[in-house]
file data.pdb (PDB, C-alpha atoms)
ATOM      1  CA  MET A1001      81.099  11.108 151.489
ATOM      2  CA  SER A1002      80.704  12.669 148.076
ATOM      3  CA  ASP A1003      82.580  15.791 149.205
ATOM      4  CA  ASP A1004      85.853  13.866 149.370
ATOM      5  CA  ASN A1005      86.186  13.538 145.634
ATOM      6  CA  PRO A1006      83.895  15.944 143.864
ATOM      7  CA  SER A1007      83.819  15.044 140.204
ATOM      8  CA  PRO A1008      84.827  17.902 137.941
ATOM      9  CA  GLY A1009      81.985  18.700 135.617
ATOM     10  CA  GLU A1010      80.547  21.704 133.889
ATOM     11  CA  ASN A1011      79.956  23.308 137.283
ATOM     12  CA  PRO A1012      82.846  25.754 137.968
ATOM     13  CA  LEU A1013      82.360  25.532 141.745
ATOM     14  CA  GLU A1014      82.710  21.751 141.579
ATOM     15  CA  MET A1015      85.836  22.143 139.451
ATOM     16  CA  LEU A1016      87.355  24.467 142.007
ATOM     17  CA  ARG A1017      86.416  22.112 144.826
ATOM     18  CA  ALA A1018      87.897  19.175 142.937
ATOM     19  CA  MET A1019      91.140  21.077 142.540
ATOM     20  CA  LEU A1020      91.215  21.904 146.233
ATOM     21  CA  ALA A1021      90.499  18.278 147.075
ATOM     22  CA  HIS A1022      93.820  17.514 145.410
ATOM     23  CA  THR A1023      95.691  19.978 147.607
ATOM     24  CA  PRO A1024      96.949  17.846 150.505
ATOM     25  CA  GLN A1025      97.304  20.713 153.020
ATOM     26  CA  ALA A1026      93.810  22.110 152.254
ATOM     27  CA  LYS A1027      92.415  18.634 152.799
ATOM     28  CA  ALA A1028      94.462  18.227 155.986
ATOM     29  CA  ILE A1029      92.889  21.299 157.631
ATOM     30  CA  GLY A1030      89.474  20.452 156.147
ATOM     31  CA  ALA A1031      89.162  23.678 154.146
ATOM     32  CA  ASP A1032      86.265  23.757 151.672
ATOM     33  CA  ILE A1033      84.983  26.221 149.098
ATOM     34  CA  THR A1034      81.265  26.723 149.639
ATOM     35  CA  ARG A1035      80.347  29.379 147.108
ATOM     36  CA  MET A1036      81.893  30.982 144.084
ATOM     37  CA  GLU A1037      80.955  34.092 142.149
ATOM     38  CA  PRO A1038      84.135  35.113 140.330
ATOM     39  CA  PRO A1039      86.063  37.114 141.299
ATOM     40  CA  ARG A1040      84.764  36.228 144.792
ATOM     41  CA  VAL A1041      84.786  32.914 146.649
ATOM     42  CA  TRP A1042      83.565  31.839 150.077
ATOM     43  CA  GLY A1043      84.797  28.953 152.196
ATOM     44  CA  ARG A1044      84.791  27.168 155.531
ATOM     45  CA  THR A1045      87.328  25.430 157.753
ATOM     46  CA  PRO A1046      85.679  23.377 160.497
ATOM     47  CA  TYR A1047      86.862  23.762 164.105
ATOM     48  CA  ARG A1048      89.060  20.857 165.141
ATOM     49  CA  GLU A1049      90.806  20.043 168.425
ATOM     50  CA  ASP A1050      94.026  19.050 166.653
ATOM     51  CA  LEU A1051      94.306  22.524 165.072
ATOM     52  CA  VAL A1052      94.197  24.371 168.397
ATOM     53  CA  GLY A1053      97.045  26.818 169.026
ATOM     54  CA  ASP A1054      96.355  27.571 172.678
ATOM     55  CA  PRO A1055      95.349  24.499 174.697
ATOM     56  CA  GLU A1056      94.238  26.692 177.638
ATOM     57  CA  THR A1057      91.573  28.544 175.682
ATOM     58  CA  GLY A1058      90.921  26.131 172.812
ATOM     59  CA  VAL A1059      91.440  28.913 170.267
ATOM     60  CA  ILE A1060      92.403  27.686 166.807
ATOM     61  CA  ALA A1061      96.026  28.418 165.787
ATOM     62  CA  GLY A1062      96.880  31.550 163.841
ATOM     63  CA  GLY A1063      98.669  29.309 161.366
ATOM     64  CA  VAL A1064      95.388  27.652 160.385
ATOM     65  CA  ILE A1065      93.867  31.064 159.646
ATOM     66  CA  THR A1066      97.010  31.983 157.662
ATOM     67  CA  THR A1067      96.809  28.786 155.629
ATOM     68  CA  PHE A1068      93.066  29.126 155.060
ATOM     69  CA  LEU A1069      93.299  32.789 153.985
ATOM     70  CA  ASP A1070      96.266  32.042 151.706
ATOM     71  CA  HIS A1071      94.345  29.174 150.228
ATOM     72  CA  ILE A1072      91.017  30.885 149.668
ATOM     73  CA  SER A1073      92.821  33.909 148.210
ATOM     74  CA  GLY A1074      94.533  31.601 145.726
ATOM     75  CA  ALA A1075      91.131  30.078 144.957
ATOM     76  CA  ALA A1076      89.721  33.556 144.230
ATOM     77  CA  VAL A1077      92.542  34.119 141.717
ATOM     78  CA  PHE A1078      91.973  30.695 140.199
ATOM     79  CA  SER A1079      88.232  31.335 139.889
ATOM     80  CA  SER A1080      88.959  34.540 137.960
ATOM     81  CA  LEU A1081      91.300  32.969 135.392
ATOM     82  CA  LYS A1082      90.034  32.237 131.892
ATOM     83  CA  GLU A1083      92.373  29.274 131.547
ATOM     84  CA  ALA A1084      93.475  27.054 134.413
ATOM     85  CA  SER A1085      96.989  27.901 135.574
ATOM     86  CA  SER A1086      99.093  27.440 138.668
ATOM     87  CA  VAL A1087      99.204  30.329 141.126
ATOM     88  CA  ALA A1088     101.750  31.014 143.867
ATOM     89  CA  THR A1089     101.729  33.527 146.717
ATOM     90  CA  ILE A1090     104.242  36.359 146.362
ATOM     91  CA  ASP A1091     103.365  38.041 149.630
ATOM     92  CA  LEU A1092     100.671  37.857 152.211
ATOM     93  CA  ARG A1093      99.809  40.337 154.941
ATOM     94  CA  ILE A1094      97.445  39.355 157.718
ATOM     95  CA  ASP A1095      95.988  41.569 160.443
ATOM     96  CA  TYR A1096      94.625  39.663 163.411
ATOM     97  CA  MET A1097      91.697  41.543 164.928
ATOM     98  CA  ARG A1098      90.649  39.028 167.568
ATOM     99  CA  ALA A1099      90.865  35.364 168.549
ATOM    100  CA  ALA A1100      88.566  33.002 166.675
ATOM    101  CA  THR A1101      85.746  31.733 168.895
ATOM    102  CA  PRO A1102      86.534  28.197 170.146
ATOM    103  CA  HIS A1103      84.343  25.404 168.732
ATOM    104  CA  LYS A1104      83.097  27.571 165.866
ATOM    105  CA  ASP A1105      83.969  26.964 162.233
ATOM    106  CA  VAL A1106      86.135  29.590 160.554
ATOM    107  CA  LEU A1107      84.435  31.185 157.550
ATOM    108  CA  ALA A1108      86.159  33.307 154.943
ATOM    109  CA  GLU A1109      85.576  35.234 151.772
ATOM    110  CA  ALA A1110      88.125  36.388 149.240
ATOM    111  CA  HIS A1111      87.938  38.921 146.416
ATOM    112  CA  CYS A1112      90.431  38.981 143.556
ATOM    113  CA  TYR A1113      90.032  42.709 142.879
ATOM    114  CA  LYS A1114      92.749  42.947 140.233
ATOM    115  CA  LEU A1115      93.788  40.284 137.790
ATOM    116  CA  GLY A1116      96.823  41.174 135.701
ATOM    117  CA  ARG A1117      98.650  39.074 133.155
ATOM    118  CA  ASN A1118     101.336  37.977 135.614
ATOM    119  CA  VAL A1119     100.150  39.140 139.014
ATOM    120  CA  ALA A1120      96.803  39.122 140.815
ATOM    121  CA  PHE A1121      95.794  41.026 143.964
ATOM    122  CA  VAL A1122      93.371  39.711 146.562
ATOM    123  CA  ARG A1123      91.691  40.882 149.752
ATOM    124  CA  ALA A1124      90.244  38.292 152.110
ATOM    125  CA  ILE A1125      88.551  38.234 155.465
ATOM    126  CA  ALA A1126      88.061  35.485 158.064
ATOM    127  CA  TYR A1127      85.193  35.488 160.568
ATOM    128  CA  ASP A1128      83.040  33.107 162.568
ATOM    129  CA  GLU A1129      79.683  34.906 162.632
ATOM    130  CA  THR A1130      79.511  37.782 160.196
ATOM    131  CA  PRO A1131      82.109  39.580 158.047
ATOM    132  CA  ASP A1132      81.350  42.707 160.131
ATOM    133  CA  ASP A1133      83.110  41.109 163.090
ATOM    134  CA  PRO A1134      86.275  39.767 161.463
ATOM    135  CA  VAL A1135      88.854  37.500 163.072
ATOM    136  CA  ALA A1136      91.503  38.441 160.530
ATOM    137  CA  GLN A1137      91.970  40.295 157.285
ATOM    138  CA  ALA A1138      94.446  39.470 154.537
ATOM    139  CA  SER A1139      95.805  41.171 151.480
ATOM    140  CA  ALA A1140      97.931  39.172 149.109
ATOM    141  CA  ALA A1141      99.636  39.207 145.727
ATOM    142  CA  PHE A1142      99.893  36.101 143.572
ATOM    143  CA  MET A1143     102.050  35.110 140.643
ATOM    144  CA  ILE A1144     100.059  33.567 137.804
ATOM    145  CA  ASN A1145     101.357  30.582 135.867
ATOM    146  CA  SER A1146     103.841  30.054 138.669
ATOM    147  CA  ASN A1147     104.862  26.592 137.490
ATOM    148  CA  GLY A1148     106.051  28.301 134.280
ATOM    149  CA  ARG A1149     108.456  26.116 132.379
ATOM    150  CA  ARG A1150     109.026  23.916 135.392
ATOM    151  CA  ARG A1151     107.819  20.409 134.741
ATOM    152  CA  MET A1152     105.932  18.080 137.023
ATOM    153  CA  GLY A1153     108.191  16.838 139.809
ATOM    154  CA  SER A1154     110.834  19.519 139.198
ATOM    155  CA  ASN A1155     111.116  20.163 142.937
ATOM    156  CA  LEU A1156     112.110  16.526 143.445
ATOM    157  CA  ARG A1157     115.346  16.887 141.483
ATOM    158  CA  LYS A1158     118.497  16.818 143.546
ATOM    159  CA  PRO A1159     120.411  20.114 143.532
ATOM    160  CA  LYS A1160     123.608  20.092 141.445
ATOM    161  CA  PRO A1161     126.685  19.440 143.578
TER     162      PRO A1161
ATOM    163  CA  MET B  32     118.218  21.618 183.794
ATOM    164  CA  SER B  33     114.869  23.201 183.122
ATOM    165  CA  THR B  34     115.062  26.941 182.468
ATOM    166  CA  PRO B  35     112.234  29.288 181.468
ATOM    167  CA  GLN B  36     113.721  29.195 177.953
ATOM    168  CA  SER B  37     113.751  25.428 177.708
ATOM    169  CA  ARG B  38     110.261  25.239 179.203
ATOM    170  CA  VAL B  39     108.921  27.487 176.427
ATOM    171  CA  ALA B  40     110.666  25.372 173.789
ATOM    172  CA  ASP B  41     109.217  22.248 175.417
ATOM    173  CA  ALA B  42     105.746  23.840 175.505
ATOM    174  CA  ILE B  43     105.599  23.677 171.706
ATOM    175  CA  ALA B  44     105.373  19.913 171.934
ATOM    176  CA  ARG B  45     102.080  20.291 173.788
ATOM    177  CA  VAL B  46     100.408  22.633 171.273
ATOM    178  CA  PRO B  47      98.031  20.539 169.123
ATOM    179  CA  TYR B  48      98.659  22.599 165.970
ATOM    180  CA  ALA B  49     102.457  22.306 166.376
ATOM    181  CA  LYS B  50     101.966  18.526 166.529
ATOM    182  CA  PHE B  51      99.784  18.727 163.415
ATOM    183  CA  LEU B  52     102.703  20.396 161.606
ATOM    184  CA  GLY B  53     105.203  17.988 163.234
ATOM    185  CA  LEU B  54     107.328  20.846 164.649
ATOM    186  CA  ARG B  55     110.459  20.170 166.716
ATOM    187  CA  ALA B  56     112.359  22.773 168.709
ATOM    188  CA  GLU B  57     116.106  23.051 169.178
ATOM    189  CA  LEU B  58     117.429  25.588 171.640
ATOM    190  CA  LYS B  59     121.050  26.745 171.708
ATOM    191  CA  GLY B  60     121.390  29.225 174.567
ATOM    192  CA  ASP B  61     118.641  31.706 173.843
ATOM    193  CA  GLU B  62     118.548  31.000 170.107
ATOM    194  CA  LEU B  63     115.737  28.808 168.871
ATOM    195  CA  THR B  64     115.533  26.806 165.665
ATOM    196  CA  LEU B  65     112.265  25.177 164.711
ATOM    197  CA  ILE B  66     112.329  22.176 162.428
ATOM    198  CA  MET B  67     109.378  21.157 160.280
ATOM    199  CA  PRO B  68     110.175  17.697 158.866
ATOM    200  CA  PHE B  69     108.658  17.089 155.458
ATOM    201  CA  ALA B  70     105.305  15.290 155.517
ATOM    202  CA  PRO B  71     102.916  14.682 152.587
ATOM    203  CA  HIS B  72     100.032  16.607 154.232
ATOM    204  CA  LEU B  73     102.102  19.844 154.124
ATOM    205  CA  VAL B  74     102.029  19.989 150.319
ATOM    206  CA  GLY B  75     100.100  22.805 148.610
ATOM    207  CA  ASN B  76     101.130  22.239 144.984
ATOM    208  CA  PRO B  77     101.208  18.503 144.203
ATOM    209  CA  MET B  78     102.593  19.056 140.687
ATOM    210  CA  LEU B  79     106.040  20.402 141.627
ATOM    211  CA  PRO B  80     105.498  19.315 144.484
ATOM    212  CA  ALA B  81     105.793  22.368 146.769
ATOM    213  CA  LEU B  82     104.917  23.057 150.395
ATOM    214  CA  HIS B  83     101.758  25.062 151.051
ATOM    215  CA  GLY B  84     102.592  28.716 151.660
ATOM    216  CA  GLY B  85     100.331  28.671 154.695
ATOM    217  CA  VAL B  86     102.384  26.084 156.571
ATOM    218  CA  VAL B  87     105.646  27.907 155.786
ATOM    219  CA  GLY B  88     104.014  31.077 157.155
ATOM    220  CA  ALA B  89     102.716  29.174 160.182
ATOM    221  CA  LEU B  90     106.184  27.736 160.881
ATOM    222  CA  MET B  91     107.706  31.235 160.870
ATOM    223  CA  GLU B  92     104.876  32.647 163.022
ATOM    224  CA  VAL B  93     105.314  29.925 165.662
ATOM    225  CA  THR B  94     109.095  30.539 165.581
ATOM    226  CA  ALA B  95     108.562  34.292 166.034
ATOM    227  CA  LEU B  96     106.109  33.762 168.919
ATOM    228  CA  THR B  97     108.360  31.281 170.704
ATOM    229  CA  GLN B  98     111.574  33.280 170.220
ATOM    230  CA  LEU B  99     109.729  36.329 171.558
ATOM    231  CA  SER B 100     108.706  34.470 174.737
ATOM    232  CA  ILE B 101     112.310  33.295 175.184
ATOM    233  CA  THR B 102     113.718  36.789 174.668
ATOM    234  CA  ALA B 103     111.068  38.366 176.919
ATOM    235  CA  LYS B 104     111.770  35.687 179.569
ATOM    236  CA  SER B 105     108.119  34.761 179.637
ATOM    237  CA  GLU B 106     106.503  31.359 179.682
ATOM    238  CA  LYS B 107     103.446  32.749 177.942
ATOM    239  CA  PHE B 108     102.945  33.061 174.225
ATOM    240  CA  ALA B 109     102.324  36.483 172.729
ATOM    241  CA  LYS B 110      99.286  37.438 170.649
ATOM    242  CA  THR B 111      99.830  38.198 166.988
ATOM    243  CA  ILE B 112      98.810  41.665 165.788
ATOM    244  CA  ASP B 113      99.934  41.425 162.170
ATOM    245  CA  ILE B 114     102.296  39.459 159.980
ATOM    246  CA  ASN B 115     103.817  40.148 156.576
ATOM    247  CA  ILE B 116     105.056  37.083 154.730
ATOM    248  CA  GLU B 117     107.211  37.231 151.610
ATOM    249  CA  TYR B 118     107.645  34.097 149.564
ATOM    250  CA  LEU B 119     111.017  33.867 147.836
ATOM    251  CA  ARG B 120     111.209  30.290 146.533
ATOM    252  CA  SER B 121     108.881  27.327 146.350
ATOM    253  CA  GLY B 122     109.258  25.055 149.369
ATOM    254  CA  LYS B 123     110.637  21.700 148.257
ATOM    255  CA  PRO B 124     109.419  18.430 149.759
ATOM    256  CA  VAL B 125     112.273  18.332 152.296
ATOM    257  CA  ASP B 126     112.736  19.457 155.928
ATOM    258  CA  THR B 127     112.297  23.180 156.601
ATOM    259  CA  TYR B 128     113.970  25.232 159.349
ATOM    260  CA  ALA B 129     113.132  28.610 160.833
ATOM    261  CA  ARG B 130     114.757  31.133 163.143
ATOM    262  CA  ALA B 131     113.500  34.479 164.387
ATOM    263  CA  ARG B 132     115.148  37.689 165.549
ATOM    264  CA  VAL B 133     113.433  39.979 168.008
ATOM    265  CA  VAL B 134     114.077  43.433 166.602
ATOM    266  CA  LYS B 135     112.485  45.352 169.451
ATOM    267  CA  ILE B 136     110.451  44.628 172.545
ATOM    268  CA  GLY B 137     108.405  47.620 173.573
ATOM    269  CA  ARG B 138     106.258  47.875 176.673
ATOM    270  CA  ARG B 139     103.209  46.736 174.730
ATOM    271  CA  ILE B 140     104.296  45.812 171.223
ATOM    272  CA  ALA B 141     107.172  43.706 169.956
ATOM    273  CA  ASN B 142     108.648  43.667 166.454
ATOM    274  CA  VAL B 143     110.022  40.321 165.207
ATOM    275  CA  GLN B 144     111.535  39.040 161.961
ATOM    276  CA  ALA B 145     111.741  35.383 160.959
ATOM    277  CA  GLU B 146     113.232  33.397 158.118
ATOM    278  CA  ALA B 147     112.616  29.892 156.774
ATOM    279  CA  TRP B 148     115.126  27.875 154.760
ATOM    280  CA  GLN B 149     115.749  24.338 153.586
ATOM    281  CA  ASN B 150     119.026  22.887 152.304
ATOM    282  CA  GLU B 151     120.913  26.176 152.286
ATOM    283  CA  ARG B 152     120.790  28.714 155.063
ATOM    284  CA  SER B 153     121.833  31.446 152.612
ATOM    285  CA  GLN B 154     118.828  30.785 150.375
ATOM    286  CA  PRO B 155     115.716  31.458 152.452
ATOM    287  CA  ILE B 156     112.414  30.241 151.009
ATOM    288  CA  ALA B 157     110.360  32.849 152.886
ATOM    289  CA  THR B 158     110.640  35.676 155.388
ATOM    290  CA  LEU B 159     108.189  37.029 157.932
ATOM    291  CA  HIS B 160     107.957  40.375 159.663
ATOM    292  CA  GLY B 161     105.396  40.731 162.403
ATOM    293  CA  HIS B 162     104.076  42.714 165.341
ATOM    294  CA  PHE B 163     102.996  40.982 168.514
ATOM    295  CA  MET B 164     101.583  42.009 171.896
ATOM    296  CA  THR B 165     104.562  41.808 174.256
ATOM    297  CA  PRO B 166     104.044  38.780 176.505
ATOM    298  CA  GLU B 167     103.927  39.457 180.249
ATOM    299  CA  THR B 168     107.148  38.653 182.046
ATOM    300  CA  ASP B 169     106.867  36.054 184.750
ATOM    301  CA  GLU B 170     107.421  38.544 187.594
ATOM    302  CA  ALA B 171     104.554  40.731 186.418
ATOM    303  CA  GLY B 172     102.273  37.970 185.215
ATOM    304  CA  ALA B 173     101.693  34.418 186.442
TER     305      ALA B 173
END
call {"tool": "encode", "arguments": {"input": "data.pdb", "output": "structure tokens"}}
result
Amino acid sequence: MSDDNPSPGENPLEMLRAMLAHTPQAKAIGADITRMEPPRVWGRTPYREDLVGDPETGVIAGGVITTFLDHISGAAVFSSLKEASSVATIDLRIDYMRAATPHKDVLAEAHCYKLGRNVAFVRAIAYDETPDDPVAQASAAFMINSNGRRRMGSNLRKPKP
Amino acid sequence: MSTPQSRVADAIARVPYAKFLGLRAELKGDELTLIMPFAPHLVGNPMLPALHGGVVGALMEVTALTQLSITAKSEKFAKTIDINIEYLRSGKPVDTYARARVVKIGRRIANVQAEAWQNERSQPIATLHGHFMTPETDEAGA
């Protein structure tokens, strides 16, 4: 499937999707970015039995929604940046309005409504039919250039004794 | 011996999403610790590499929900109303642990705090503060 490894080209949406394809956890839950109009992005996470949080009802786990909203909010920040940079969540608030409908994909849209030099602010919403009937709403703050002076693999170093 | 507490801790093993994260529960009396062993699919930043914030949040939410059921002596899981997650450090590619403290159980709403850490208990990587619908106790419910 061509979606597995979208080739980064001149298309910004494809670049964003390529970046997300290299995020193991986004790949693991099947999250995809479907549309991008900076500072807004839209995405989808398909319903999957192995992501269910309540086996009695088949409702998808809150953690999947949390991960998806965190991820798409980060993508909205990334889409707004002039130069590619790492972003990291500072805080994330999620209000759960209702359970996601079993067997339906989770859709989401995120809006990076303020992009500062060091910090960006995002609102996002998850739904399964229309944004007017949300499953959850998120507001988050992100640190920009979060890797900073840390080099590749810096988290692999053993702590000093 | 199987107690309502241990049955709730055991129930985690049957939740598909908890299996997806690889969660393990350890119960000491009425205090629960959840363990999320490192796995490559949990990574969110492959450069450092760091755990995805979403899975750290999910770990703390599951810990809060389960600790709440244990404290409320219920075998049901609560519903989440809202959660506030604060990220303090990047999650390293090692095992992560979480514990939760039930601050208050009201008739309808419960207030719970949770913390996640890795090598050092005194250096949490993230904290969570959430509100949940109080789960029905077993006498009143099932």
call {"tool": "residues_around", "arguments": {"input": "data.pdb", "residues": "Leu1107 (chain A)", "least_positions_apart": "6", "cutoff": "9 Å", "atoms": "only C-alpha atoms", "output": "list of chain:residue names"}}
result
A:Trp1042, A:Gly1043, A:Arg1044, A:Thr1045, A:Pro1046, A:Ile1125, A:Ala1126, A:Tyr1127, A:Asp1128, A:Glu1129, A:Thr1130, A:Pro1131
call {"tool": "closest_residue", "arguments": {"input": "data.pdb", "among": "B:His162, B:Lys123, B:Lys135, B:Lys104", "to": "Thr34 (chain B)", "atoms": "only C-alpha atoms"}}
result
B:Lys104
call {"tool": "residues_around", "arguments": {"input": "data.pdb", "residues": "region 108-111 of chain B", "least_positions_apart": "4", "cutoff": "12 Å", "atoms": "all atoms listed in the file", "output": "tab-separated table (two decimals) with C-alpha atoms, in the frame of the given file"}}
result
chain	number	residue	atom	x	y	z
A	1053	GLY	CA	97.04	26.82	169.03
A	1054	ASP	CA	96.36	27.57	172.68
A	1055	PRO	CA	95.35	24.50	174.70
A	1056	GLU	CA	94.24	26.69	177.64
A	1059	VAL	CA	91.44	28.91	170.27
A	1061	ALA	CA	96.03	28.42	165.79
A	1062	GLY	CA	96.88	31.55	163.84
A	1063	GLY	CA	98.67	29.31	161.37
A	1065	ILE	CA	93.87	31.06	159.65
A	1066	THR	CA	97.01	31.98	157.66
A	1094	ILE	CA	97.44	39.35	157.72
A	1095	ASP	CA	95.99	41.57	160.44
A	1096	TYR	CA	94.62	39.66	163.41
A	1097	MET	CA	91.70	41.54	164.93
A	1098	ARG	CA	90.65	39.03	167.57
A	1099	ALA	CA	90.86	35.36	168.55
A	1135	VAL	CA	88.85	37.50	163.07
A	1136	ALA	CA	91.50	38.44	160.53
B	38	ARG	CA	110.26	25.24	179.20
B	39	VAL	CA	108.92	27.49	176.43
B	40	ALA	CA	110.67	25.37	173.79
B	42	ALA	CA	105.75	23.84	175.50
B	43	ILE	CA	105.60	23.68	171.71
B	46	VAL	CA	100.41	22.63	171.27
B	89	ALA	CA	102.72	29.17	160.18
B	92	GLU	CA	104.88	32.65	163.02
B	93	VAL	CA	105.31	29.92	165.66
B	94	THR	CA	109.10	30.54	165.58
B	95	ALA	CA	108.56	34.29	166.03
B	96	LEU	CA	106.11	33.76	168.92
B	97	THR	CA	108.36	31.28	170.70
B	98	GLN	CA	111.57	33.28	170.22
B	99	LEU	CA	109.73	36.33	171.56
B	100	SER	CA	108.71	34.47	174.74
B	101	ILE	CA	112.31	33.30	175.18
B	102	THR	CA	113.72	36.79	174.67
B	103	ALA	CA	111.07	38.37	176.92
B	104	LYS	CA	111.77	35.69	179.57
B	115	ASN	CA	103.82	40.15	156.58
B	136	ILE	CA	110.45	44.63	172.54
B	139	ARG	CA	103.21	46.74	174.73
B	140	ILE	CA	104.30	45.81	171.22
B	141	ALA	CA	107.17	43.71	169.96
B	142	ASN	CA	108.65	43.67	166.45
B	143	VAL	CA	110.02	40.32	165.21
B	160	HIS	CA	107.96	40.38	159.66
B	161	GLY	CA	105.40	40.73	162.40
B	162	HIS	CA	104.08	42.71	165.34
B	163	PHE	CA	103.00	40.98	168.51
B	164	MET	CA	101.58	42.01	171.90
B	165	THR	CA	104.56	41.81	174.26
B	166	PRO	CA	104.04	38.78	176.50
B	167	GLU	CA	103.93	39.46	180.25
B	168	THR	CA	107.15	38.65	182.05
B	169	ASP	CA	106.87	36.05	184.75
call {"tool": "closest_atom_pairs", "arguments": {"input": "data.pdb", "of": "chain B", "to": "chain A", "cutoff": "7 Å", "atoms": "only C-alpha atoms", "output": "JSON lines"}}
result
{"residue": "B:Val46", "atom": "CA", "partner": "A:Gly1053", "partner_atom": "CA", "distance": 5.8}
{"residue": "B:Pro47", "atom": "CA", "partner": "A:Asp1050", "partner_atom": "CA", "distance": 4.9}
{"residue": "B:Tyr48", "atom": "CA", "partner": "A:Leu1051", "partner_atom": "CA", "distance": 4.4}
{"residue": "B:Phe51", "atom": "CA", "partner": "A:Asp1050", "partner_atom": "CA", "distance": 6.6}
{"residue": "B:His72", "atom": "CA", "partner": "A:Pro1024", "partner_atom": "CA", "distance": 5.0}
{"residue": "B:Leu73", "atom": "CA", "partner": "A:Gln1025", "partner_atom": "CA", "distance": 5.0}
{"residue": "B:Val74", "atom": "CA", "partner": "A:Gln1025", "partner_atom": "CA", "distance": 5.5}
{"residue": "B:Gly75", "atom": "CA", "partner": "A:Thr1023", "partner_atom": "CA", "distance": 5.3}
{"residue": "B:Asn76", "atom": "CA", "partner": "A:Thr1023", "partner_atom": "CA", "distance": 6.4}
{"residue": "B:Pro77", "atom": "CA", "partner": "A:Thr1023", "partner_atom": "CA", "distance": 6.6}
{"residue": "B:Met78", "atom": "CA", "partner": "A:Met1152", "partner_atom": "CA", "distance": 5.1}
{"residue": "B:Leu79", "atom": "CA", "partner": "A:Gly1153", "partner_atom": "CA", "distance": 4.5}
{"residue": "B:Pro80", "atom": "CA", "partner": "A:Asn1155", "partner_atom": "CA", "distance": 5.9}
{"residue": "B:Ala81", "atom": "CA", "partner": "A:Asn1155", "partner_atom": "CA", "distance": 6.9}
{"residue": "B:His83", "atom": "CA", "partner": "A:Gln1025", "partner_atom": "CA", "distance": 6.5}
{"residue": "B:Gly84", "atom": "CA", "partner": "A:Thr1089", "partner_atom": "CA", "distance": 7.0}
{"residue": "B:Gly85", "atom": "CA", "partner": "A:Thr1067", "partner_atom": "CA", "distance": 3.6}
{"residue": "B:Val86", "atom": "CA", "partner": "A:Thr1067", "partner_atom": "CA", "distance": 6.3}
{"residue": "B:Ala89", "atom": "CA", "partner": "A:Gly1063", "partner_atom": "CA", "distance": 4.2}
{"residue": "B:Thr111", "atom": "CA", "partner": "A:Tyr1096", "partner_atom": "CA", "distance": 6.5}
{"residue": "B:Ile112", "atom": "CA", "partner": "A:Tyr1096", "partner_atom": "CA", "distance": 5.2}
{"residue": "B:Asp113", "atom": "CA", "partner": "A:Asp1095", "partner_atom": "CA", "distance": 4.3}
{"residue": "B:Ile114", "atom": "CA", "partner": "A:Ile1094", "partner_atom": "CA", "distance": 5.4}
{"residue": "B:Asn115", "atom": "CA", "partner": "A:Arg1093", "partner_atom": "CA", "distance": 4.3}
{"residue": "B:Ile116", "atom": "CA", "partner": "A:Leu1092", "partner_atom": "CA", "distance": 5.1}
{"residue": "B:Glu117", "atom": "CA", "partner": "A:Asp1091", "partner_atom": "CA", "distance": 4.4}
{"residue": "B:Tyr118", "atom": "CA", "partner": "A:Ile1090", "partner_atom": "CA", "distance": 5.2}
{"residue": "B:Lys123", "atom": "CA", "partner": "A:Asn1155", "partner_atom": "CA", "distance": 5.6}
call {"tool": "residues_near_point", "arguments": {"input": "data.pdb", "point": "(115.1, 26.8, 154.1)", "cutoff": "8 Å", "atoms": "all atoms listed in the file", "output": "list in words"}}
result
Gly122, Asp126, Thr127, Tyr128, Ala129, Glu146, Ala147, Trp148, Gln149, Asn150, Glu151, Arg152, Gln154, Pro155, Ile156 and Ala157 of chain B
call {"tool": "atom_distance", "arguments": {"input": "data.pdb", "atom1": "CA of Leu90 (chain B)", "atom2": "CA of Lys107 (chain B)"}}
result
18.0 Å
call {"tool": "atom_distance", "arguments": {"input": "data.pdb", "atom1": "CA of Asn1118 (chain A)", "atom2": "CA of Arg1017 (chain A)"}}
result
23.6 Å
call {"tool": "atom_distance", "arguments": {"input": "data.pdb", "atom1": "CA of Met1019 (chain A)", "atom2": "CA of Ala1108 (chain A)"}}
result
18.1 Å
call {"tool": "closest_residue", "arguments": {"input": "data.pdb", "among": "A:Ala1084, A:Val1106, A:Ile1144, A:Val1077", "to": "Asp1032 (chain A)", "atoms": "all atoms listed in the file"}}
result
A:Val1106
call {"tool": "residues_around", "arguments": {"input": "data.pdb", "residues": "Gln144 (chain B)", "least_positions_apart": "6", "cutoff": "6 Å", "atoms": "only C-alpha atoms", "output": "VMD selection string"}}
result
chain B and resid 131 to 132 159 to 160
call {"tool": "write_last_selection", "arguments": {"input": "data.pdb", "atoms": "C-alpha atoms", "output": "short mmCIF file (atom, residue, chain, number, x, y, z; two decimals), in the coordinates of the input"}}
result
data_model
loop_
_atom_site.label_atom_id
_atom_site.label_comp_id
_atom_site.auth_asym_id
_atom_site.auth_seq_id
_atom_site.Cartn_x
_atom_site.Cartn_y
_atom_site.Cartn_z
CA ALA B 131 113.50 34.48 164.39
CA ARG B 132 115.15 37.69 165.55
CA LEU B 159 108.19 37.03 157.93
CA HIS B 160 107.96 40.38 159.66
#
